[in-house]
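Raw contents of entry-v7.txt, compact mmCIF, C-alpha atoms:
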```
# COMPACT_ATOMS: atom_id res chain seq x y z
CA MET A 29 -17.55 3.38 18.96
CA VAL A 30 -20.81 2.82 17.06
CA ARG A 31 -22.03 -0.58 15.96
CA VAL A 32 -23.41 -0.49 12.41
CA GLN A 33 -26.25 -2.54 10.97
CA ARG A 34 -25.98 -3.84 7.42
CA SER A 35 -28.57 -2.51 5.02
CA ARG A 36 -29.57 -3.02 1.43
CA GLY A 37 -28.19 -0.75 -1.26
CA ARG A 38 -25.52 1.81 -0.49
CA SER A 39 -24.25 1.74 3.08
CA LYS A 40 -24.33 4.76 5.37
CA ALA A 41 -20.53 4.81 5.27
CA CYS A 42 -20.63 4.99 1.49
CA ARG A 43 -23.31 7.70 1.53
CA ARG A 44 -21.23 9.77 3.92
CA GLY A 45 -18.28 9.38 1.60
CA THR A 46 -20.39 10.48 -1.35
CA GLN A 47 -21.48 13.64 0.43
CA SER A 48 -17.90 14.63 1.13
CA GLN A 49 -16.85 13.70 -2.38
CA GLN A 50 -19.36 16.15 -3.83
CA LYS A 51 -17.34 18.94 -2.25
CA LEU A 52 -14.26 18.02 -4.24
CA LYS A 53 -13.42 19.65 -7.54
CA ALA A 54 -14.94 18.00 -10.56
CA GLY A 55 -12.64 15.50 -12.21
CA ALA A 56 -10.47 14.92 -9.14
CA LEU A 57 -11.94 11.48 -8.64
CA GLY A 58 -12.96 10.78 -12.24
CA GLY A 59 -13.71 7.38 -13.78
CA ALA A 60 -12.64 4.16 -12.12
CA THR A 61 -10.90 2.48 -15.01
CA PHE A 62 -7.45 1.34 -16.03
CA PRO A 63 -5.61 2.54 -19.13
CA PRO A 64 -4.68 0.28 -22.05
CA THR A 65 -1.37 -1.50 -21.94
CA GLY A 66 1.52 0.89 -22.34
CA GLN A 67 -0.34 3.99 -21.22
CA GLY A 68 -0.36 5.84 -17.95
CA SER A 69 2.84 4.20 -16.74
CA ARG A 70 6.41 5.02 -15.92
CA GLY A 71 8.73 4.68 -18.85
CA SER A 72 11.75 3.64 -16.79
CA LEU A 73 12.63 0.02 -16.07
CA SER A 74 15.37 -1.31 -13.87
CA PRO A 75 18.11 -3.34 -15.59
CA ARG A 76 16.30 -6.46 -14.36
CA GLY A 77 13.05 -5.65 -16.11
CA ARG A 78 11.07 -4.79 -12.98
CA PRO A 79 9.36 -1.45 -12.35
CA ARG A 80 12.15 0.89 -11.43
CA ARG A 81 11.68 2.63 -8.12
CA GLY A 82 13.21 5.76 -9.59
CA PRO A 83 12.10 9.15 -10.85
CA PRO A 84 9.71 8.69 -13.74
CA GLY A 85 10.65 9.56 -17.24
CA ALA A 86 14.43 9.22 -16.57
CA GLY A 87 -11.65 -18.29 -3.60
CA GLY A 88 -11.04 -18.35 -0.11
CA SER A 89 -13.92 -18.55 2.32
CA ARG A 90 -14.32 -16.18 5.21
CA GLY A 91 -12.00 -17.01 8.05
CA GLY A 92 -11.81 -16.07 11.69
CA GLY A 93 -9.02 -13.51 11.90
CA LEU A 94 -7.95 -11.72 15.08
CA PRO A 95 -10.19 -10.07 17.67
CA PRO A 96 -10.23 -6.26 17.52
CA THR A 97 -8.61 -5.69 20.93
CA ALA A 98 -6.94 -2.38 20.12
CA GLN A 99 -8.95 0.71 19.32
CA PRO A 100 -8.06 3.07 16.46
CA GLY A 101 -6.21 6.17 17.59
CA VAL A 102 -6.74 8.04 14.32
CA ARG A 103 -9.60 8.37 11.90
CA LEU A 104 -9.87 5.44 9.52
CA SER A 105 -10.81 5.81 5.86
CA ILE A 106 -11.87 2.15 5.62
CA PRO A 107 -14.03 0.81 8.46
CA GLY A 108 -13.45 -2.49 10.20
CA PRO A 109 -10.80 -4.22 12.32
CA CYS A 110 -7.30 -3.81 10.91
CA GLY A 111 -3.65 -3.24 11.68
CA GLN A 112 -3.15 -6.18 14.03
CA ARG A 113 -0.53 -8.90 13.85
CA ALA A 114 -0.12 -12.15 15.77
CA VAL A 115 3.70 -12.26 15.61
CA PRO A 116 5.46 -9.72 17.88
CA THR A 117 8.16 -8.05 17.10
CA ARG A 118 16.67 -6.52 3.02
CA ILE A 119 15.29 -3.91 1.52
CA VAL A 120 18.49 -1.76 1.81
CA GLY A 121 19.98 -2.00 5.30
CA GLY A 122 17.23 -4.33 6.44
CA LYS A 123 16.97 -7.88 7.71
CA ASP A 124 14.95 -11.04 7.21
CA SER A 125 11.41 -10.77 8.50
CA GLU A 126 9.33 -13.44 10.23
CA LEU A 127 6.13 -15.03 9.01
CA GLY A 128 3.16 -13.06 10.30
CA ARG A 129 5.02 -9.89 11.33
CA TRP A 130 3.51 -8.03 8.38
CA PRO A 131 0.31 -9.99 7.65
CA TRP A 132 -1.01 -7.39 5.17
CA GLN A 133 2.06 -7.69 2.93
CA GLY A 134 1.24 -9.09 -0.50
CA SER A 135 3.27 -10.12 -3.53
CA LEU A 136 1.76 -8.67 -6.70
CA ARG A 137 2.50 -11.24 -9.39
CA MET A 138 2.42 -11.02 -13.17
CA TRP A 139 1.93 -14.41 -14.80
CA GLY A 140 2.82 -16.00 -11.46
CA PHE A 141 6.12 -14.16 -10.90
CA HIS A 142 6.74 -11.51 -8.24
CA HIS A 143 6.57 -8.05 -9.78
CA CYS A 144 5.71 -5.54 -7.03
CA GLY A 145 4.61 -5.26 -3.44
CA ALA A 146 1.00 -4.79 -2.34
CA SER A 147 -1.04 -4.48 0.85
CA LEU A 148 -4.37 -5.94 1.98
CA LEU A 149 -7.11 -3.43 2.86
CA ASN A 150 -9.95 -5.87 3.41
CA ARG A 151 -11.12 -9.22 2.05
CA ARG A 152 -11.58 -8.00 -1.52
CA TRP A 153 -9.38 -4.93 -1.91
CA VAL A 154 -5.62 -4.50 -2.31
CA LEU A 155 -3.43 -1.38 -2.61
CA SER A 156 -0.32 -0.98 -4.79
CA ALA A 157 1.47 1.55 -7.01
CA ALA A 158 0.15 2.67 -10.39
CA HIS A 159 3.54 2.43 -12.08
CA CYS A 160 3.62 -1.32 -11.39
CA PHE A 161 1.15 -1.70 -14.27
CA GLN A 162 3.23 0.03 -16.92
CA GLU A 163 3.73 -3.25 -18.78
CA SER A 164 0.12 -4.40 -18.59
CA ALA A 165 -3.12 -3.40 -16.89
CA ASN A 166 -4.99 -6.54 -17.91
CA PRO A 167 -6.30 -8.04 -14.64
CA ASN A 168 -6.23 -11.56 -16.08
CA GLU A 169 -2.43 -11.44 -15.94
CA TRP A 170 -2.24 -10.51 -12.27
CA THR A 171 -2.56 -12.34 -8.95
CA VAL A 172 -1.71 -11.39 -5.36
CA GLN A 173 0.00 -13.76 -2.93
CA PHE A 174 -0.58 -13.41 0.82
CA GLY A 175 0.62 -15.26 3.88
CA GLU A 176 4.07 -16.25 2.57
CA LEU A 177 7.51 -15.20 3.80
CA THR A 178 9.14 -15.89 0.44
CA SER A 179 8.26 -14.37 -2.91
CA SER A 180 9.10 -17.71 -4.56
CA PRO A 181 7.17 -20.44 -2.72
CA SER A 182 7.64 -24.03 -3.83
CA ILE A 183 5.23 -25.37 -6.44
CA TRP A 184 4.48 -28.10 -3.88
CA ASN A 185 3.33 -25.52 -1.34
CA LEU A 186 -0.44 -25.99 -1.52
CA GLN A 187 -1.09 -23.37 1.16
CA ALA A 188 0.61 -20.76 -1.01
CA TYR A 189 -1.58 -21.84 -3.91
CA TYR A 190 -4.73 -21.42 -1.80
CA ASN A 191 -3.58 -17.97 -0.63
CA ARG A 192 -2.99 -16.65 -4.14
CA TYR A 193 -5.89 -14.57 -5.41
CA GLN A 194 -6.81 -13.57 -8.94
CA VAL A 195 -7.20 -9.86 -9.65
CA ALA A 196 -10.60 -9.02 -11.12
CA ARG A 197 -10.30 -5.26 -11.68
CA ILE A 198 -7.54 -2.67 -11.65
CA PHE A 199 -8.16 0.99 -10.81
CA LEU A 200 -5.39 3.52 -11.35
CA SER A 201 -5.75 7.00 -9.95
CA PRO A 202 -7.47 9.04 -12.69
CA ARG A 203 -4.89 11.75 -12.02
CA TYR A 204 -1.93 9.45 -12.60
CA LEU A 205 -0.22 10.47 -15.83
CA GLY A 206 2.99 8.47 -15.61
CA SER A 207 4.76 10.98 -13.39
CA SER A 208 5.66 10.69 -9.72
CA SER A 209 2.37 12.18 -8.50
CA PHE A 210 -0.77 10.12 -7.84
CA ASP A 211 1.20 6.87 -8.06
CA ILE A 212 -1.46 4.65 -6.53
CA ALA A 213 -3.58 1.69 -7.69
CA LEU A 214 -6.53 -0.10 -6.13
CA LEU A 215 -7.17 -3.75 -6.99
CA ARG A 216 -10.37 -5.73 -6.53
CA LEU A 217 -9.88 -9.45 -6.10
CA ALA A 218 -12.04 -12.06 -7.80
CA SER A 219 -12.70 -13.85 -4.48
CA SER A 220 -12.59 -13.05 -0.79
CA VAL A 221 -9.36 -13.44 1.15
CA THR A 222 -9.39 -15.87 4.06
CA TYR A 223 -7.98 -14.18 7.16
CA SER A 224 -5.58 -16.02 9.47
CA LYS A 225 -2.84 -15.10 11.93
CA HIS A 226 -0.58 -14.67 8.89
CA ILE A 227 -3.09 -12.75 6.75
CA GLN A 228 -4.71 -9.59 8.12
CA PRO A 229 -5.62 -6.16 6.69
CA VAL A 230 -3.72 -2.99 7.49
CA CYS A 231 -5.40 0.22 8.66
CA VAL A 232 -5.54 3.24 6.36
CA PRO A 233 -5.68 6.66 8.08
CA ALA A 234 -7.77 9.53 6.79
CA SER A 235 -4.96 11.88 7.85
CA SER A 236 -1.22 11.34 8.12
CA SER A 237 -0.58 14.42 10.27
CA GLU A 238 -0.30 12.28 13.42
CA PHE A 239 2.71 10.48 11.94
CA GLN A 240 4.83 13.51 11.05
CA ASN A 241 8.46 12.97 12.12
CA GLN A 242 7.70 9.52 13.57
CA THR A 243 10.95 7.55 13.69
CA ASP A 244 9.75 3.97 14.19
CA CYS A 245 8.00 3.18 10.91
CA TRP A 246 8.79 0.17 8.74
CA VAL A 247 9.00 -0.58 5.04
CA THR A 248 8.87 -4.16 3.78
CA GLY A 249 9.39 -5.92 0.47
CA TRP A 250 11.17 -8.46 -1.71
CA GLY A 251 13.17 -5.94 -3.76
CA ASP A 252 16.90 -5.55 -4.27
CA ILE A 253 19.11 -5.28 -1.17
CA THR A 254 21.46 -2.77 -2.82
CA GLU A 255 21.37 -0.87 -6.10
CA ASP A 256 23.35 -3.67 -7.76
CA GLU A 257 22.36 -6.75 -5.75
CA VAL A 258 19.11 -8.68 -6.00
CA LEU A 259 17.54 -10.40 -3.02
CA PRO A 260 19.16 -13.87 -2.93
CA SER A 261 17.38 -17.19 -2.53
CA PRO A 262 15.27 -18.14 -0.62
CA HIS A 263 13.89 -14.63 -1.32
CA THR A 264 12.79 -13.91 2.24
CA LEU A 265 10.71 -10.81 2.93
CA GLN A 266 12.91 -7.93 4.12
CA GLU A 267 12.07 -5.27 6.69
CA VAL A 268 13.82 -2.05 7.71
CA GLN A 269 12.95 0.65 10.20
CA VAL A 270 12.80 4.18 8.80
CA GLY A 271 11.72 7.60 10.00
CA ILE A 272 9.11 9.89 8.43
CA ILE A 273 10.79 13.04 7.11
CA ASN A 274 8.59 16.11 7.02
CA ALA A 275 7.88 17.72 3.65
CA THR A 276 9.93 20.85 4.37
CA MET A 277 13.07 18.87 5.12
CA CYS A 278 12.47 16.48 2.23
CA ASN A 279 12.07 19.36 -0.21
CA HIS A 280 15.34 20.77 1.10
CA LEU A 281 17.15 17.46 0.57
CA PHE A 282 15.83 17.18 -2.98
CA SER A 283 16.83 20.77 -3.73
CA LEU A 284 20.50 19.87 -3.27
CA PRO A 285 22.76 19.54 -6.36
CA ASP A 286 22.76 16.46 -8.62
CA PHE A 287 19.00 15.92 -8.50
CA ARG A 288 16.32 18.48 -7.89
CA ARG A 289 12.71 17.52 -7.37
CA ASN A 290 9.64 19.04 -5.74
CA ILE A 291 7.94 16.94 -3.08
CA TRP A 292 4.19 17.53 -3.25
CA GLY A 293 1.46 16.92 -0.70
CA ASP A 294 0.71 13.68 -2.55
CA MET A 295 4.11 12.36 -1.43
CA VAL A 296 5.70 11.46 1.89
CA CYS A 297 9.41 10.85 2.49
CA ALA A 298 10.97 8.25 4.77
CA GLY A 299 14.44 6.94 5.40
CA ASP A 300 17.63 7.96 7.17
CA PRO A 301 19.46 11.20 6.29
CA GLN A 302 22.73 9.24 6.56
CA GLY A 303 21.48 6.73 4.03
CA GLY A 304 21.65 2.95 4.22
CA LYS A 305 17.96 2.35 5.00
CA ASP A 306 15.57 2.44 2.09
CA ALA A 307 13.31 0.59 -0.31
CA CYS A 308 14.81 -0.40 -3.67
CA PHE A 309 13.97 -1.81 -7.11
CA GLY A 310 11.25 -4.44 -6.82
CA ASP A 311 9.75 -3.00 -3.63
CA SER A 312 7.38 -0.72 -5.57
CA GLY A 313 3.78 -0.85 -4.40
CA GLY A 314 4.66 -2.16 -0.95
CA PRO A 315 3.62 -0.61 2.36
CA LEU A 316 5.24 1.96 4.61
CA ALA A 317 3.58 1.28 7.98
CA CYS A 318 3.65 3.01 11.38
CA LYS A 319 2.25 1.88 14.70
CA LYS A 320 -0.01 3.99 16.88
CA LYS A 321 -1.92 2.92 19.98
CA GLY A 322 -1.50 -0.77 19.25
CA LEU A 323 -2.56 -0.67 15.60
CA TRP A 324 -0.55 -0.53 12.37
CA TYR A 325 -1.42 2.08 9.77
CA GLN A 326 -0.18 2.19 6.20
CA ILE A 327 1.11 5.70 5.62
CA GLY A 328 2.64 5.31 2.18
CA VAL A 329 3.07 3.19 -0.93
CA VAL A 330 6.63 2.62 -2.19
CA SER A 331 6.87 4.87 -5.24
CA TRP A 332 10.26 6.25 -6.27
CA GLY A 333 13.71 7.31 -5.14
CA VAL A 334 17.14 8.36 -6.36
CA GLY A 335 19.14 5.15 -6.21
CA CYS A 336 18.69 3.13 -3.03
CA GLY A 337 19.82 4.12 0.43
CA ARG A 338 21.92 7.11 -0.64
CA PRO A 339 22.69 9.85 1.90
CA ASN A 340 20.29 12.81 1.77
CA ARG A 341 18.11 10.95 -0.73
CA PRO A 342 15.23 9.40 1.25
CA GLY A 343 12.68 7.15 -0.35
CA VAL A 344 9.51 8.83 -1.64
CA TYR A 345 6.13 7.21 -1.07
CA THR A 346 2.60 7.98 -2.19
CA ASN A 347 0.78 9.60 0.72
CA ILE A 348 -2.28 7.37 1.12
CA SER A 349 -4.28 9.82 3.22
CA MET A 350 -4.36 12.18 0.24
CA HIS A 351 -6.26 9.53 -1.69
CA TYR A 352 -8.67 8.28 0.94
CA GLU A 353 -11.72 9.91 -0.68
CA TRP A 354 -10.84 8.27 -4.00
CA ILE A 355 -10.36 4.89 -2.29
CA ARG A 356 -13.72 5.19 -0.54
CA LYS A 357 -15.46 6.24 -3.74
CA ILE A 358 -14.13 3.29 -5.74
CA MET A 359 -14.87 0.73 -3.05
CA CYS A 360 -18.38 2.07 -2.46
CA SER A 361 -19.30 2.40 -6.14
CA VAL A 362 -18.11 -1.10 -7.05
CA ASP A 363 -19.32 -2.99 -4.00
CA PRO A 364 -21.18 -0.92 -1.37
CA ARG A 365 -21.97 -3.94 0.79
CA GLY A 366 -18.50 -5.38 0.33
CA PHE A 367 -17.14 -2.11 1.70
CA LEU A 368 -18.51 -3.21 5.06
CA ASP A 369 -17.59 -6.87 4.59
CA THR A 370 -15.40 -6.92 7.68
CA LEU A 371 -17.12 -4.11 9.56
CA ARG A 372 -17.70 -4.59 13.26
CA VAL A 373 -17.37 -1.06 14.58
CA THR A 374 -16.85 2.32 13.02
CA PRO A 375 -14.37 4.55 14.88
CA VAL A 376 -15.46 8.01 15.89
CA PRO A 377 -13.25 10.51 14.00
CA SER A 378 -10.57 11.87 16.30
CA THR A 379 -8.85 14.31 13.96
CA PRO A 380 -9.88 16.30 10.90
CA ARG A 381 -8.32 15.60 7.54
CA ARG A 382 -5.28 17.79 7.01
CA LEU A 383 -3.01 18.18 4.01
CA LEU A 384 0.74 17.87 4.22
CA ASN A 385 2.71 21.00 3.55
CA SER A 386 4.22 20.93 0.08
```
Could you write out this file's structure as structure tokens?
Amino acid sequence: MVRVQRSRGRSKACRRGTQSQQKLKAGALGGATFPPTGQGSRGSLSPRGRPRRGPPGAGGSRGGGLPPTAQPGVRLSIPGPCGQRAVPTRIVGGKDSELGRWPWQGSLRMWGFHHCGASLLNRRWVLSAAHCFQESANPNEWTVQFGELTSSPSIWNLQAYYNRYQVARIFLSPRYLGSSSFDIALLRLASSVTYSKHIQPVCVPASSSEFQNQTDCWVTGWGDITEDEVLPSPHTLQEVQVGIINATMCNHLFSLPDFRRNIWGDMVCAGDPQGGKDACFGDSGGPLACKKKGLWYQIGVVSWGVGCGRPNRPGVYTNISMHYEWIRKIMCSVDPRGFLDTLRVTPVPSTPRRLLNS
């Protein structure tokens, strides 16, 4: 592990990212902007007016946080301590979670109401799905809530008010065209998040190859608990354990009759072949996380699926590792020093970046 000194201007981490970015094809990481309202979004809404998780087209001050006791077992795309939670251990087939079990889980809110899931990357940056912004990409309309077990905290809950952060900028993948590919969004907050035992960032791996066929991953969210049943009051965060399904098997499942779809390297599948365990409408943008060597890594972003929890129809998530260069580029170009805001140590890369088979 190498301790890094802060410096003026662009950080060494950002410069290293820039060098590797220059090797990419021109246009792959194009401008960091968001499209006007109504553009670059999925055209399909659920009957309840939330982004449908279905095939497209059909001020806080700096807090203490947790000590970095565990060491990363895979290469990180974002430096700094992450992936730790202080609390040990309905989505479809899931159960009520506990406060602090998933401290990176955020509620992406439009005009104060829960709209999608999100995850905390560091004090100023949040990850979600691009299709969540199909109704509006105006950052003034969006906030992100952290540190709450319910998506509908009481108006008298002052702590929830203090842990709700205004979105300052929205970046959609420049390759997102409203289809299922490149369904990822990066949000910069207007103020820094205060870490606590209930609010911590998740790790983001530079490669997802280490998690192929892992069976003990988890997806969390406040979405529907079945295709026709919304999450009832008090709207408690749901969690369900799912397995990562390799791209070959997932392509086979989606080549079966009724619905045929190609699963690209930009996507990762997770669920249970028998069905009954899945994300659903309203979970879009939330994290799919797996544990490795004591740390939690976000592998995917809830993106789309055929129904919810159907046999042989696993949920499909955006493969974050395929976007790590884009994430680094945006974070470094907007705020090079903020990129290292929580940096204590930079892990030595343990594995090369590798693409998923498509």
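Counting from atom CA of A:Ile272, the distance to atom CA of A:Cys144 is 22.1 Å.
Between atom CA of A:Val247 and atom CA of A:Asp300 the interatomic distance comes to 12.3 Å.
Across A:Ile273, A:Cys160, A:Val154, A:Ala188, the tightest approach to A:Gly134 is made by A:Val154 when counting all atoms listed in the file.
Here the question is which of A:Tyr223, A:Trp354, A:Trp324, A:Phe239 gets nearest to A:Cys297 using all atoms listed in the file, and that residue is A:Phe239.
Proximity to A:Tyr190 was assessed for A:Ser219, A:Arg203, A:Ser208, A:Trp332 counting all atoms listed in the file; the smallest distance is recorded for A:Ser219.
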